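K.L.:
My questions all concern the structure below.
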Amino acid sequence: MNLMPALAVTRGGMVESLHRAAVAVVSNSGDLIASFGDGQTPIFLRSTAKIFQAMPLILSGAADRFGLTDEEIAIACSSHQGEAFHLAAVSQLLNKAGLDPSQLQCGTHQPFSKNAQEFLCRNCESPGVLHNNCSGKHAGMLAACKCHNWALEDYMEPSHPLQLLILETIATFCALPASKVTTAIDGCAAPTFALPLKNLAHGFSRFISGAVDLEPALHAGSQRISNAITGHPQLISGDGVIDCELIKAFKGTAICKLGAEGVFAMALKRSTKYPKGVGIALKIEDGSNERARGVIMIEVLRQLGLLDSSLEIAFSRLFTFELKNHRGDTVGALEPLLKLDF
């Protein structure tokens, strides 16, 4: 990876740690608008792929056949926090498709939400498969398979028709031959995909804005998913999480999705500066999520001229630029180092 120092963590005026990153900013036509580091860096998409992985739910006709709402389409794209309303949305998707949580093969982990963790602890309960942040994605995959009459028991196998369709969908939106996309296994046991950072940014821009070469069904499906995401950002992750907060801030004009290991992707359908839309993709080399991702992404948006003063103040409070100790004293800073190359 050709990644460069993007964020310094300072203490006592001395740099204590560095986070290295790469950023690619791409127009709807695929031109590189700005970059930091190598935009051709190959990365695993991880959960940023979920918007593409939800497409078979639309293309199969499952969303219409089972009468899915925008909330249930949104949860199929989510990395949710395991709150009660997240679990309810996954359950509703499964129920409408005549499926059962026992058919989900994503595994179990503690919910990301502290409130949800405390609820389980107070009630002496263990997390279930619905608490997995990918349970909505897997529910959507199963619903698509059921509509196609594809086998349900091996829906995660890379050779399954569903996964082959997802691979082709990613290749189409990201403007890359499927043979050039590397596959591996994600944390939820489904396939994950690797391709250049620039192509991820391009794929997100094409997804929200469309492209002249997209088939009508793909364009209509991506617009339906984009509308579900922008209409229900809390279902994509949860309040206080960067993708949810950015979707809310841009008021229906942006889709955003975080991914494990320091990956983030975002696209704006339109803005004053970029009237034809823009896609942004970020990879942090050390996989930092909580500390580095928000600060770096806000700095990228600032340099792109996409944050007005009120948004900049609001996000600097939400994603702190200060390093504090356990008493709450400010003892250092998180200082962005990156400078986009236009």
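Labels used: A, B, ... for chains in the order of the structure tokens, numbers from 1 for residues in each chain, and numbers from 1 for ligands as shown.
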If you run DSSP on the backbone here, which positions in segment 66-188 of chain A get alpha helix (DSSP H)? Please write them as JSON, numbers by chain.
P.N.:
{"A": [70, 71, 72, 73, 74, 75, 84, 85, 86, 87, 88, 89, 90, 91, 92, 93, 94, 95, 96, 114, 115, 116, 117, 118, 119, 120, 121, 122, 135, 136, 137, 138, 139, 140, 141, 142, 143, 144, 145, 146, 147, 148, 161, 162, 163, 164, 165, 166, 167, 168, 169, 170, 171, 172, 173]}
K.L.:
DSSP on the backbone, strand (DSSP E or B) only: what residues of segment 31-175 of chain A does that give? Format it as a list in words.
P.N.:
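Residues meeting the strand (DSSP E or B) criterion: Leu32, Ile33, Ala34, Ser35, Phe36, Pro42, Ile43 and Phe44 of chain A.
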K.L.:
Counting only C-alpha atoms, which residues of segment 4-121 of chain A sit at most 12 Å from some atom of segment 300-318 of chain A, and what is each one's closest atom pair with its distance in Å to one decimal, listed by chain and rising residue number, as a tab-separated table?
P.N.:
```
residue	atom	partner	partner_atom	distance
A:Ala6	CA	A:Val300	CA	10.2
A:Leu7	CA	A:Val300	CA	11.6
A:Ala21	CA	A:Val300	CA	11.4
A:Ala22	CA	A:Val300	CA	10.8
A:Val23	CA	A:Val300	CA	8.3
A:Ala24	CA	A:Val300	CA	10.0
A:Val25	CA	A:Leu304	CA	9.1
A:Val26	CA	A:Leu304	CA	11.6
A:Ile33	CA	A:Leu304	CA	9.6
A:Ala34	CA	A:Leu304	CA	8.5
A:Ser35	CA	A:Val300	CA	9.6
A:Phe36	CA	A:Val300	CA	9.5
```
K.L.:
Residues within 7 Å of Arg46 of chain A, please, as JSON, numbers by chain. Count only C-alpha atoms; anything in the same chain fewer than 5 positions from it doesn't count.
P.N.:
{"A": [186, 192, 259, 260]}
K.L.:
Create the file for the chosen residues now, containing C-alpha atoms and written as a short mmCIF file (atom, residue, chain, number, x, y, z; two decimals), in the first residue's frame.
P.N.:
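What landed in part.cif:
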```cif
data_model
loop_
_atom_site.label_atom_id
_atom_site.label_comp_id
_atom_site.auth_asym_id
_atom_site.auth_seq_id
_atom_site.Cartn_x
_atom_site.Cartn_y
_atom_site.Cartn_z
CA ASP A 186 -15.72 -11.16 5.34
CA THR A 192 -15.96 -9.61 0.42
CA GLY A 259 -16.46 -0.55 6.46
CA ALA A 260 -14.21 -2.48 8.80
#
```
K.L.:
Can you list, as a list in words, every protein, DNA or RNA residue that comes within 8 Å of segment 109-124 of chain A when you count only C-alpha atoms, leaving out same-chain residues fewer than 4 positions away?
P.N.:
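My list of contacting residues is His80, Gln81, Gly82, Glu83, Ala84, Gly128, Val129, His131, Asn132 and Asn133 of chain A.
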K.L.:
Kindly indicate which residue among A:Thr41, A:Ser27, A:Thr48, A:Gln92 lies nearest to Phe66 of chain A, using only C-alpha atoms for the distances.
P.N.:
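Checking each of A:Thr41, A:Ser27, A:Thr48, A:Gln92 against Phe66 of chain A, counting only C-alpha atoms, the winner is A:Gln92.
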